[in-house]
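**Student:** Can you read through this structure? Questions will come right after.
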Amino acid sequence: MVKKTEPVDEILPMPRLAVLGIQHVLVMYAGAVAVPLIIGRALKLPPEDVAFLISADLFACGLVTLIQSFGLTQWFGIKLPVMMGVTFASVGPMLAMASSLPGVDGARLIFGSIIGAGLVSLLIAPLVSRLLRFFPPVVTGTIILVIGVTLMRIGINWIFGNPFGPTAPSVVDPAAVKWLADVKALAASGVAIPEIPAKLSFAPTVANPAYAPLSGVAVSAVVLVSILLISRFGKGFVANIAVLMGIVIGGILTALLGMMHFDKVANAAWFAPIMPFHFGIPIFDPIAIVTMSVVMIVVMIESTGMFLALGELTGKTVTRPMLAAGLRTDGLGTLLGGIFNTFPYTSFSQNVGLVGVTGVRSRFVCVAGGLFLVALGFLPKMAALVEALPTVVLGGAGLVMFGMVAATGIRILASVDFKRSRNNLFVVAVSLGFGMIPLIAPNFKQWMPHELHTLIDSGILLASFAAVVLNAFFNGVGEASVENVTEAAKLADAH
């Protein structure tokens with residue numbers, strides 16, 4: 001009797017794999033290059049070194065994605081459709097290191113802390129995997145719901161612009177800036193005026209034309225409508241690549257409107273090797289390693305939620321050994337990141353939503369995506385071409401993908417017994433509230449010890465902690481595992 005191949009292990013025809021892999025790369029690209037840009041500029045590195053950080057990051061993204069999706073022995077790789085990218089949870093500590101020690105030495109300090117944290121993560125991954133019994137359906141469904149809602153912020157910011165920086169809703173009035181400069185010039189010339197406070201600055205009061213321009217909103221709307229129409233009327237493979245086709249339509253539209261520029265493509269090199277320890281031997285500081293190790297504990301807890309969501313979406317039962325292999329790969333990826341001059345890695349939640357949208361469960365799609373990322377790392381001109389795509393194009397797709405993650409959480413919660421066990425309502429309600437805190441009140445931690453900021457800055461982590469504790473309080477701790485989640489999903493489908 002021939003054993004039937006599971007959907008996650010299905011090898012699709014090469015052309016389909018390539019197209020679906022590119023779709024995954026486009027979805028995660030903006031997030032993948034954001035961290036090296038932020039850290040490179042914070043370190044005050046020259047432009048060529050920042051460009052190298054981006055190439056190194058893409059290469060490492062691809063390498064770790066291959067290990068996670070394809071597998072490397074029984075110890076590494078969860079063997080699900082996972083795309084790996086730099087975790088934003090690490091940005092805060094790395095910015096602190098960059099501000100205290102800018103330049104090449106700061107880079108060496110950051111990479112040393114990352115290598116140390118990667119080794120720690122490799123050691124503790126089996127311990128974290130033993131927490132699986134604390135994640136019954138009411139906990140898992142709540143966490144996945146919060147993941148989707150949290151990701152919505154990214155998709156919405158892709159459409160309208162980030163609340164801070166060049167695309168902030170408001171900017172400082174240029175007339176006020178000129179007035180302050182004139183006053184300072186008078187003071188410097190010896191004119192007697194009241195002392196100007198050293199940190200005096202003006203609040204932004206003028207509407208920023210770069211925020212939410214109607215042309216950008218229209219492009220996002222075209223992409224969204226295109227995806228919905230292709231998903232509704234497309235058949236087979238065409239429906240599977242609805243997100244990619246929507247992004248391509250948006251790219252063509254922005255190019256015709258003059259919103260997509262190719263200057264960086266022309267200036268980028270055709271080939272650039274990625275050498276380990278590009279900035280020199282890493283600096284291993286114990287405090288920095290401990291700080292980054294705490295970040296990795298946060299990352300592994302979040303990854304547990306991502307893996308459970310993927311297990312439900314693909315119909316694959318995530319066992320404890322699988323979870324340990326996946327978390328161990330987070331550690332290995334972080335170790336490789338430090339060696340190849342880049343940053344800590346985790347499963348990218350954007351791509352979890354894409355699995356839900358396309359319905360394509362094969363992990364080899366992400367293997368193809370990993371190969372494309374490795375190629376992008378070696379070919380800066382190709383990377384620059386992808387980078388030229390305006391984020392408004394991704395915005396319309398983001399609403400669909402991230403909403404799909406939230407809908408998956410709701411589907412799991414639909415099977416939870418809220419009638420006979422009304423306390424489950426408290427678990428969901430309070431945990432959801434905790435998850436919204438960083439979204440609604442991002443400065444809530446300003447009077448708390450700085451050491452806690454990394455731990456409490458993630459709404460996903462706050463919701464996970466609240467859900468696990470409240471479930472244990474109301475329902476106790478049984479031998480629940482992801483098998484319960486799979487059964488819950490089947491019940492939800494039956495209803």
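Here's how to read the names in the structure tokens: chain A, B, ... by the order shown, residue numbers from 1 in each chain, ligand numbers from 1 in the order shown.
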Residues of segment 219-331 of chain A that approach segment 5-27 of chain A to 9 Å or less, counting only C-alpha atoms: could you list each one with the shortest pair of atoms and its distance in Å to one decimal, rows by chain and increasing residue number, as a tab-separated table?
**Tutor:**
```
residue	atom	partner	partner_atom	distance
A:Phe237	CA	A:Arg16	CA	7.8
A:Asn240	CA	A:Leu20	CA	8.0
A:Ile241	CA	A:Leu20	CA	6.6
A:Val243	CA	A:Gln23	CA	7.1
A:Leu244	CA	A:Gln23	CA	5.1
A:Met245	CA	A:Gln23	CA	8.7
A:Ile247	CA	A:Leu26	CA	8.2
A:Thr314	CA	A:Val8	CA	6.6
A:Gly315	CA	A:Pro7	CA	8.0
A:Lys316	CA	A:Val8	CA	7.4
```
**Student:** Take the residues just selected and output them with all heavy atoms as a short mmCIF file (atom, residue, chain, number, x, y, z; two decimals), in the first residue's frame.
**Tutor:**
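The result, written out as out-v9.cif:
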```
data_model
loop_
_atom_site.label_atom_id
_atom_site.label_comp_id
_atom_site.auth_asym_id
_atom_site.auth_seq_id
_atom_site.Cartn_x
_atom_site.Cartn_y
_atom_site.Cartn_z
N PHE A 237 -4.48 27.25 -9.89
CA PHE A 237 -3.21 27.93 -9.61
C PHE A 237 -3.37 29.44 -9.62
O PHE A 237 -2.72 30.15 -8.84
CB PHE A 237 -2.16 27.48 -10.62
CG PHE A 237 -0.82 28.11 -10.40
CD1 PHE A 237 -0.11 27.88 -9.22
CD2 PHE A 237 -0.26 28.92 -11.36
CE1 PHE A 237 1.13 28.45 -9.01
CE2 PHE A 237 0.98 29.49 -11.16
CZ PHE A 237 1.68 29.27 -9.99
N ASN A 240 -4.42 30.59 -6.37
CA ASN A 240 -3.34 30.44 -5.38
C ASN A 240 -2.36 31.61 -5.39
O ASN A 240 -1.73 31.90 -4.37
CB ASN A 240 -2.56 29.14 -5.63
CG ASN A 240 -3.38 27.91 -5.33
OD1 ASN A 240 -4.37 27.98 -4.59
ND2 ASN A 240 -2.99 26.78 -5.90
N ILE A 241 -2.21 32.24 -6.56
CA ILE A 241 -1.25 33.36 -6.64
C ILE A 241 -1.98 34.70 -6.71
O ILE A 241 -1.47 35.68 -7.27
CB ILE A 241 -0.31 33.20 -7.85
CG1 ILE A 241 -1.09 33.14 -9.16
CG2 ILE A 241 0.58 31.97 -7.70
CD1 ILE A 241 -0.21 33.24 -10.40
N VAL A 243 -2.47 36.88 -4.40
CA VAL A 243 -1.71 37.95 -3.73
C VAL A 243 -0.58 38.44 -4.63
O VAL A 243 -0.37 39.66 -4.78
CB VAL A 243 -1.15 37.46 -2.38
CG1 VAL A 243 -0.20 38.49 -1.78
CG2 VAL A 243 -2.30 37.17 -1.41
N LEU A 244 0.15 37.52 -5.25
CA LEU A 244 1.24 37.91 -6.15
C LEU A 244 0.70 38.72 -7.33
O LEU A 244 1.28 39.75 -7.69
CB LEU A 244 1.96 36.66 -6.66
CG LEU A 244 3.06 36.90 -7.70
CD1 LEU A 244 4.15 37.79 -7.13
CD2 LEU A 244 3.64 35.58 -8.19
N MET A 245 -0.40 38.27 -7.92
CA MET A 245 -0.96 39.00 -9.06
C MET A 245 -1.44 40.38 -8.64
O MET A 245 -1.26 41.36 -9.38
CB MET A 245 -2.10 38.19 -9.68
CG MET A 245 -1.64 36.89 -10.32
SD MET A 245 -2.99 35.97 -11.11
CE MET A 245 -3.38 37.03 -12.49
N ILE A 247 -0.11 42.17 -6.24
CA ILE A 247 1.10 42.97 -6.04
C ILE A 247 1.69 43.39 -7.39
O ILE A 247 2.14 44.54 -7.55
CB ILE A 247 2.14 42.17 -5.21
CG1 ILE A 247 1.64 42.02 -3.77
CG2 ILE A 247 3.50 42.86 -5.23
CD1 ILE A 247 2.51 41.12 -2.91
N THR A 314 -2.20 24.03 7.98
CA THR A 314 -1.73 22.99 7.05
C THR A 314 -2.28 21.61 7.38
O THR A 314 -2.08 20.67 6.62
CB THR A 314 -0.19 22.92 7.07
OG1 THR A 314 0.26 22.61 8.39
CG2 THR A 314 0.42 24.24 6.62
N GLY A 315 -2.97 21.48 8.52
CA GLY A 315 -3.48 20.17 8.91
C GLY A 315 -2.40 19.23 9.40
O GLY A 315 -2.60 18.01 9.44
N LYS A 316 -1.28 19.76 9.79
CA LYS A 316 -0.15 18.96 10.26
C LYS A 316 -0.07 19.03 11.78
O LYS A 316 -0.02 20.11 12.35
CB LYS A 316 1.16 19.49 9.65
CG LYS A 316 2.42 18.81 10.15
CD LYS A 316 2.63 17.46 9.49
CE LYS A 316 4.00 16.88 9.83
NZ LYS A 316 4.23 15.57 9.19
#
```
**Student:** Give me every alpha helix (DSSP H) residue in segment 186-362 of chain A, going by DSSP on the backbone, as a ChimeraX atom specification.
**Tutor:** /A:186-188,214-233,237-240,242-256,263-267,286-314,320-339,349-358
**Student:** Calculated over only C-alpha atoms, which of the candidates A:Ile249, A:Ala96, A:Val217, A:Leu313 has the smallest distance to Arg411 of chain A?
**Tutor:**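 Selected residue with least distance to Arg411 of chain A: A:Leu313.
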**Student:** Excluding Ser100 of chain A and residues on its chain fewer than 2 positions from it, collect all residues at most 12 Å away from it, counting only C-alpha atoms, and give them as a short mmCIF file (atom, residue, chain, number, x, y, z; two decimals) with all heavy atoms, in the first residue's frame.
**Tutor:**
```cif
data_model
loop_
_atom_site.label_atom_id
_atom_site.label_comp_id
_atom_site.auth_asym_id
_atom_site.auth_seq_id
_atom_site.Cartn_x
_atom_site.Cartn_y
_atom_site.Cartn_z
N ALA A 42 21.62 53.66 12.68
CA ALA A 42 21.88 53.96 14.10
C ALA A 42 23.36 53.82 14.43
O ALA A 42 23.90 54.55 15.26
CB ALA A 42 21.05 53.04 14.98
N LEU A 43 24.03 52.89 13.77
CA LEU A 43 25.47 52.70 13.98
C LEU A 43 26.30 53.75 13.24
O LEU A 43 27.52 53.81 13.41
CB LEU A 43 25.90 51.31 13.50
CG LEU A 43 25.51 50.12 14.38
CD1 LEU A 43 25.71 48.80 13.62
CD2 LEU A 43 26.33 50.11 15.67
N LYS A 44 25.63 54.57 12.40
CA LYS A 44 26.29 55.60 11.61
C LYS A 44 27.33 55.00 10.66
O LYS A 44 28.42 55.54 10.46
CB LYS A 44 26.93 56.65 12.52
CG LYS A 44 25.93 57.36 13.43
CD LYS A 44 26.59 58.36 14.36
CE LYS A 44 25.55 59.01 15.27
NZ LYS A 44 26.16 59.93 16.25
N PRO A 93 17.07 46.64 22.04
CA PRO A 93 18.42 46.43 22.61
C PRO A 93 19.54 46.77 21.64
O PRO A 93 20.57 47.32 22.07
CB PRO A 93 18.42 44.93 22.95
CG PRO A 93 16.98 44.57 23.11
CD PRO A 93 16.24 45.44 22.15
N MET A 94 19.38 46.47 20.36
CA MET A 94 20.44 46.77 19.40
C MET A 94 20.61 48.28 19.20
O MET A 94 21.73 48.77 19.04
CB MET A 94 20.16 46.07 18.07
CG MET A 94 20.32 44.55 18.13
SD MET A 94 20.35 43.73 16.51
CE MET A 94 18.71 44.07 15.90
N LEU A 95 19.50 49.03 19.23
CA LEU A 95 19.60 50.48 19.14
C LEU A 95 20.34 51.05 20.35
O LEU A 95 21.13 52.00 20.22
CB LEU A 95 18.21 51.10 19.04
CG LEU A 95 17.49 50.97 17.70
CD1 LEU A 95 16.09 51.56 17.79
CD2 LEU A 95 18.28 51.67 16.59
N ALA A 96 20.08 50.46 21.53
CA ALA A 96 20.78 50.91 22.74
C ALA A 96 22.29 50.67 22.60
O ALA A 96 23.11 51.53 22.97
CB ALA A 96 20.23 50.19 23.96
N MET A 97 22.67 49.52 22.08
CA MET A 97 24.10 49.23 21.88
C MET A 97 24.70 50.17 20.84
O MET A 97 25.83 50.65 21.00
CB MET A 97 24.28 47.77 21.42
CG MET A 97 23.88 46.73 22.44
SD MET A 97 24.13 45.04 21.79
CE MET A 97 22.85 44.15 22.65
N ALA A 98 23.93 50.44 19.78
CA ALA A 98 24.44 51.31 18.72
C ALA A 98 24.64 52.74 19.22
O ALA A 98 25.60 53.42 18.83
CB ALA A 98 23.47 51.30 17.54
N PRO A 102 28.75 53.57 18.65
CA PRO A 102 28.49 53.57 17.20
C PRO A 102 29.70 53.10 16.40
O PRO A 102 30.80 52.93 16.93
CB PRO A 102 28.18 55.05 16.92
CG PRO A 102 28.88 55.80 18.00
CD PRO A 102 28.87 54.91 19.21
N GLY A 103 29.47 52.89 15.13
CA GLY A 103 30.55 52.51 14.24
C GLY A 103 30.78 51.00 14.19
O GLY A 103 29.95 50.21 14.63
N ASP A 105 32.87 49.11 15.86
CA ASP A 105 32.93 48.46 17.17
C ASP A 105 31.54 48.16 17.71
O ASP A 105 31.31 47.12 18.34
CB ASP A 105 33.71 49.32 18.17
CG ASP A 105 35.21 49.33 17.89
OD1 ASP A 105 35.67 48.42 17.16
OD2 ASP A 105 35.90 50.24 18.37
N GLY A 106 30.59 49.07 17.46
CA GLY A 106 29.21 48.81 17.86
C GLY A 106 28.63 47.62 17.13
O GLY A 106 27.90 46.80 17.70
N ALA A 107 28.94 47.51 15.84
CA ALA A 107 28.49 46.35 15.06
C ALA A 107 29.07 45.07 15.63
O ALA A 107 28.37 44.05 15.77
CB ALA A 107 28.88 46.52 13.59
N LEU A 109 29.96 44.54 18.69
CA LEU A 109 29.30 44.27 19.97
C LEU A 109 27.93 43.63 19.74
O LEU A 109 27.56 42.66 20.40
CB LEU A 109 29.15 45.57 20.76
CG LEU A 109 28.35 45.49 22.07
CD1 LEU A 109 29.06 44.59 23.08
CD2 LEU A 109 28.13 46.89 22.65
N ILE A 110 27.18 44.17 18.78
CA ILE A 110 25.86 43.63 18.47
C ILE A 110 25.96 42.19 17.99
O ILE A 110 25.23 41.30 18.46
CB ILE A 110 25.15 44.51 17.42
CG1 ILE A 110 24.75 45.85 18.04
CG2 ILE A 110 23.93 43.80 16.83
CD1 ILE A 110 24.19 46.85 17.04
N ALA A 288 25.30 42.27 27.36
CA ALA A 288 24.63 42.32 26.06
C ALA A 288 24.10 40.95 25.66
O ALA A 288 23.01 40.83 25.10
CB ALA A 288 25.60 42.85 25.00
#
```
**Student:** Report as a VMD selection string all protein, DNA and RNA residues lying within 6 Å of segment 319-328 of chain A, evaluated on only C-alpha atoms, omitting residues in the same chain fewer than 4 positions from it.
**Tutor:** chain A and resid 75 to 78 122 125 to 126 129
**Student:** Output all heavy atoms for every residue in the selection just made, as a PDB file, in the first residue's frame.
**Tutor:**
```
ATOM      1  N   TRP A  75      17.130  17.309  14.123  1.00  0.00           N
ATOM      2  CA  TRP A  75      17.275  18.290  15.201  1.00  0.00           C
ATOM      3  C   TRP A  75      16.909  19.708  14.782  1.00  0.00           C
ATOM      4  O   TRP A  75      16.619  20.545  15.634  1.00  0.00           O
ATOM      5  CB  TRP A  75      18.713  18.265  15.725  1.00  0.00           C
ATOM      6  CG  TRP A  75      19.154  16.913  16.167  1.00  0.00           C
ATOM      7  CD1 TRP A  75      20.031  16.084  15.531  1.00  0.00           C
ATOM      8  CD2 TRP A  75      18.711  16.214  17.336  1.00  0.00           C
ATOM      9  NE1 TRP A  75      20.165  14.906  16.224  1.00  0.00           N
ATOM     10  CE2 TRP A  75      19.367  14.959  17.343  1.00  0.00           C
ATOM     11  CE3 TRP A  75      17.824  16.518  18.376  1.00  0.00           C
ATOM     12  CZ2 TRP A  75      19.168  14.022  18.349  1.00  0.00           C
ATOM     13  CZ3 TRP A  75      17.624  15.582  19.365  1.00  0.00           C
ATOM     14  CH2 TRP A  75      18.279  14.356  19.355  1.00  0.00           C
ATOM     15  N   PHE A  76      16.932  19.983  13.489  1.00  0.00           N
ATOM     16  CA  PHE A  76      16.706  21.352  13.036  1.00  0.00           C
ATOM     17  C   PHE A  76      15.663  21.379  11.934  1.00  0.00           C
ATOM     18  O   PHE A  76      15.704  20.584  10.994  1.00  0.00           O
ATOM     19  CB  PHE A  76      18.014  21.975  12.520  1.00  0.00           C
ATOM     20  CG  PHE A  76      19.078  22.112  13.573  1.00  0.00           C
ATOM     21  CD1 PHE A  76      20.117  21.199  13.644  1.00  0.00           C
ATOM     22  CD2 PHE A  76      19.039  23.149  14.488  1.00  0.00           C
ATOM     23  CE1 PHE A  76      21.101  21.310  14.608  1.00  0.00           C
ATOM     24  CE2 PHE A  76      20.016  23.273  15.463  1.00  0.00           C
ATOM     25  CZ  PHE A  76      21.050  22.360  15.527  1.00  0.00           C
ATOM     26  N   GLY A  77      14.727  22.315  12.063  1.00  0.00           N
ATOM     27  CA  GLY A  77      13.708  22.508  11.043  1.00  0.00           C
ATOM     28  C   GLY A  77      12.376  21.893  11.412  1.00  0.00           C
ATOM     29  O   GLY A  77      12.289  20.685  11.603  1.00  0.00           O
ATOM     30  N   ILE A  78      11.333  22.716  11.490  1.00  0.00           N
ATOM     31  CA  ILE A  78      10.009  22.202  11.828  1.00  0.00           C
ATOM     32  C   ILE A  78       9.337  21.584  10.610  1.00  0.00           C
ATOM     33  O   ILE A  78       8.330  20.893  10.720  1.00  0.00           O
ATOM     34  CB  ILE A  78       9.128  23.324  12.422  1.00  0.00           C
ATOM     35  CG1 ILE A  78       7.910  22.746  13.128  1.00  0.00           C
ATOM     36  CG2 ILE A  78       8.730  24.337  11.351  1.00  0.00           C
ATOM     37  CD1 ILE A  78       7.160  23.719  13.991  1.00  0.00           C
ATOM     38  N   LEU A 122      19.840  27.679  21.466  1.00  0.00           N
ATOM     39  CA  LEU A 122      20.007  26.272  21.093  1.00  0.00           C
ATOM     40  C   LEU A 122      19.889  25.362  22.310  1.00  0.00           C
ATOM     41  O   LEU A 122      19.308  24.271  22.238  1.00  0.00           O
ATOM     42  CB  LEU A 122      21.377  26.072  20.431  1.00  0.00           C
ATOM     43  CG  LEU A 122      21.507  26.514  18.970  1.00  0.00           C
ATOM     44  CD1 LEU A 122      22.970  26.492  18.543  1.00  0.00           C
ATOM     45  CD2 LEU A 122      20.677  25.621  18.059  1.00  0.00           C
ATOM     46  N   ALA A 125      15.972  25.512  23.815  1.00  0.00           N
ATOM     47  CA  ALA A 125      14.839  25.198  22.942  1.00  0.00           C
ATOM     48  C   ALA A 125      14.047  23.974  23.400  1.00  0.00           C
ATOM     49  O   ALA A 125      12.809  24.009  23.423  1.00  0.00           O
ATOM     50  CB  ALA A 125      15.320  25.019  21.500  1.00  0.00           C
ATOM     51  N   PRO A 126      14.705  22.848  23.788  1.00  0.00           N
ATOM     52  CA  PRO A 126      13.915  21.695  24.260  1.00  0.00           C
ATOM     53  C   PRO A 126      13.090  22.005  25.504  1.00  0.00           C
ATOM     54  O   PRO A 126      11.994  21.469  25.675  1.00  0.00           O
ATOM     55  CB  PRO A 126      14.989  20.634  24.556  1.00  0.00           C
ATOM     56  CG  PRO A 126      16.165  21.039  23.737  1.00  0.00           C
ATOM     57  CD  PRO A 126      16.142  22.535  23.726  1.00  0.00           C
ATOM     58  N   SER A 129       9.967  23.916  24.445  1.00  0.00           N
ATOM     59  CA  SER A 129       9.007  23.044  23.758  1.00  0.00           C
ATOM     60  C   SER A 129       8.140  22.256  24.731  1.00  0.00           C
ATOM     61  O   SER A 129       7.052  21.797  24.377  1.00  0.00           O
ATOM     62  CB  SER A 129       9.743  22.088  22.816  1.00  0.00           C
ATOM     63  OG  SER A 129      10.482  21.126  23.550  1.00  0.00           O
TER      64      SER A 129
END
```
**Student:** Measuring atom to atom with only C-alpha atoms, identify which of A:Ile274, A:Ala192, A:Ile283, A:Ala221 is nearest to Leu101 of chain A.
**Tutor:** A:Ile283
**Student:** Contacts of Val172 of chain A at 7 Å or less, counting only C-alpha atoms, minus same-chain residues fewer than 2 places along, as a tab-separated table (two decimals) with N, CA, C and O atoms, in the first residue's frame?
**Tutor:**
```tsv
chain	number	residue	atom	x	y	z
A	170	SER	N	1.77	64.39	10.81
A	170	SER	CA	2.03	65.83	10.91
A	170	SER	C	3.53	66.09	10.95
A	170	SER	O	4.30	65.24	11.41
A	174	PRO	N	7.56	74.72	9.00
A	174	PRO	CA	8.86	75.28	8.60
A	174	PRO	C	9.08	76.71	9.09
A	174	PRO	O	10.20	77.10	9.40
A	202	PHE	N	9.72	72.08	18.44
A	202	PHE	CA	8.31	72.32	18.16
A	202	PHE	C	7.58	71.00	17.89
A	202	PHE	O	8.14	70.08	17.30
A	203	ALA	N	6.36	70.96	18.33
A	203	ALA	CA	5.52	69.79	18.05
A	203	ALA	C	5.04	69.87	16.61
A	203	ALA	O	4.82	70.96	16.07
A	204	PRO	N	4.88	68.71	15.97
A	204	PRO	CA	4.35	68.72	14.60
A	204	PRO	C	2.90	69.19	14.57
A	204	PRO	O	2.06	68.66	15.30
A	205	THR	N	2.63	70.19	13.76
A	205	THR	CA	1.27	70.76	13.70
A	205	THR	C	0.75	70.89	12.28
A	205	THR	O	-0.44	71.15	12.08
A	206	VAL	N	1.61	70.68	11.29
A	206	VAL	CA	1.21	70.87	9.90
A	206	VAL	C	0.99	69.50	9.25
A	206	VAL	O	1.81	68.59	9.40
```
**Student:** My list of candidates is A:Tyr29, A:Phe279, A:Phe434, A:Phe135. Which is closest to Gln350 of chain A when distances are computed with only C-alpha atoms?
**Tutor:**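 Under the stated criterion, the closest residue is A:Tyr29.
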**Student:** Using only C-alpha atoms, pick whichever of A:Val352, A:Ala375, A:Leu389, A:Phe444 has the shortest atom-to-atom distance to Leu151 of chain A.
**Tutor:**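 Using only C-alpha atoms, Leu151 of chain A sits closest to A:Val352.
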**Student:** As a list in words, please: the residues near Thr142 of chain A (cut-off 8 Å, only C-alpha atoms, same-chain neighbours under 3 positions excluded).
**Tutor:**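 Residues meeting the cut-off are Val138, Val139, Leu145, Val146, Gly409, Ile410, Leu413, Val428, Ser431, Leu432, Ala463 and Ala467 of chain A.
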**Student:** Using C-alpha atoms, can you write the selected residues to a file as a tab-separated table (two decimals), in the first residue's frame?
**Tutor:**
```
chain	number	residue	atom	x	y	z
A	138	VAL	CA	-8.71	28.51	24.18
A	139	VAL	CA	-5.12	29.73	24.66
A	145	LEU	CA	-6.24	36.05	17.07
A	146	VAL	CA	-3.93	38.59	18.75
A	409	GLY	CA	-7.75	32.24	15.69
A	410	ILE	CA	-11.49	32.88	15.63
A	413	LEU	CA	-12.11	29.66	19.37
A	428	VAL	CA	-10.18	35.37	25.85
A	431	SER	CA	-5.88	38.21	27.10
A	432	LEU	CA	-7.15	40.13	24.08
A	463	ALA	CA	-1.50	38.05	25.41
A	467	ALA	CA	-3.89	33.48	28.32
```
**Student:** Please list as a ChimeraX atom specification every residue within 9 Å of Phe88 of chain A, counting only C-alpha atoms and excluding residues in the same chain fewer than 2 positions away.
**Tutor:** /A:31,35,86,90-92,344
**Student:** Out of A:Ser231, A:Asn267, A:Ser99, A:Thr150, which residue has the shortest atom-to-atom distance to Ser458 of chain A when counting only C-alpha atoms?
**Tutor:**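 Answer, going by the shortest atom-to-atom distance: A:Thr150.
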**Student:** Which residues of segment 200-264 of chain A sit at most 10 Å from segment 396-405 of chain A, using only C-alpha atoms? Give each one's shortest atom pair and distance in Å (one decimal place), in chain and ascending residue order, as a Markdown table.
**Tutor:**
```
| residue | atom | partner | partner_atom | distance |
| --- | --- | --- | --- | --- |
| A:Val217 | CA | A:Gly396 | CA | 8.8 |
| A:Ala218 | CA | A:Gly396 | CA | 9.6 |
| A:Val219 | CA | A:Gly396 | CA | 8.0 |
| A:Ser220 | CA | A:Gly396 | CA | 4.4 |
| A:Ala221 | CA | A:Gly396 | CA | 6.0 |
| A:Val222 | CA | A:Gly396 | CA | 7.6 |
| A:Val223 | CA | A:Gly396 | CA | 5.3 |
| A:Leu224 | CA | A:Gly396 | CA | 4.4 |
| A:Val225 | CA | A:Gly396 | CA | 8.1 |
| A:Ser226 | CA | A:Gly396 | CA | 9.2 |
| A:Ile227 | CA | A:Ala397 | CA | 7.3 |
| A:Leu228 | CA | A:Val400 | CA | 8.6 |
| A:Ala242 | CA | A:Ala397 | CA | 9.4 |
| A:Val243 | CA | A:Ala397 | CA | 6.2 |
| A:Leu244 | CA | A:Ala397 | CA | 8.8 |
| A:Gly246 | CA | A:Ala397 | CA | 7.4 |
| A:Ile247 | CA | A:Ala397 | CA | 7.3 |
| A:Gly250 | CA | A:Gly396 | CA | 9.2 |
```
**Student:** Please produce a file of the residues just selected, as a PDB file, in the first residue's frame, where the atoms kept are C-alpha atoms.
**Tutor:**
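Heads up, here's the output in part.pdb:
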```pdb
ATOM      1  CA  VAL A 217      -4.681  54.781  -0.833  1.00  0.00           C
ATOM      2  CA  ALA A 218      -6.096  54.239  -4.328  1.00  0.00           C
ATOM      3  CA  VAL A 219      -3.227  51.895  -5.246  1.00  0.00           C
ATOM      4  CA  SER A 220      -3.797  49.844  -2.072  1.00  0.00           C
ATOM      5  CA  ALA A 221      -7.497  49.682  -2.892  1.00  0.00           C
ATOM      6  CA  VAL A 222      -6.737  48.455  -6.429  1.00  0.00           C
ATOM      7  CA  VAL A 223      -4.446  45.747  -5.036  1.00  0.00           C
ATOM      8  CA  LEU A 224      -7.059  44.662  -2.467  1.00  0.00           C
ATOM      9  CA  VAL A 225      -9.889  44.543  -5.007  1.00  0.00           C
ATOM     10  CA  SER A 226      -7.666  42.669  -7.480  1.00  0.00           C
ATOM     11  CA  ILE A 227      -6.833  40.006  -4.889  1.00  0.00           C
ATOM     12  CA  LEU A 228     -10.484  39.575  -3.957  1.00  0.00           C
ATOM     13  CA  ALA A 242      -3.947  35.991  -6.128  1.00  0.00           C
ATOM     14  CA  VAL A 243      -1.709  37.952  -3.732  1.00  0.00           C
ATOM     15  CA  LEU A 244       1.238  37.906  -6.151  1.00  0.00           C
ATOM     16  CA  GLY A 246      -2.423  41.796  -6.954  1.00  0.00           C
ATOM     17  CA  ILE A 247       1.105  42.969  -6.040  1.00  0.00           C
ATOM     18  CA  GLY A 250      -0.008  47.384  -8.027  1.00  0.00           C
TER      19      GLY A 250
END
```
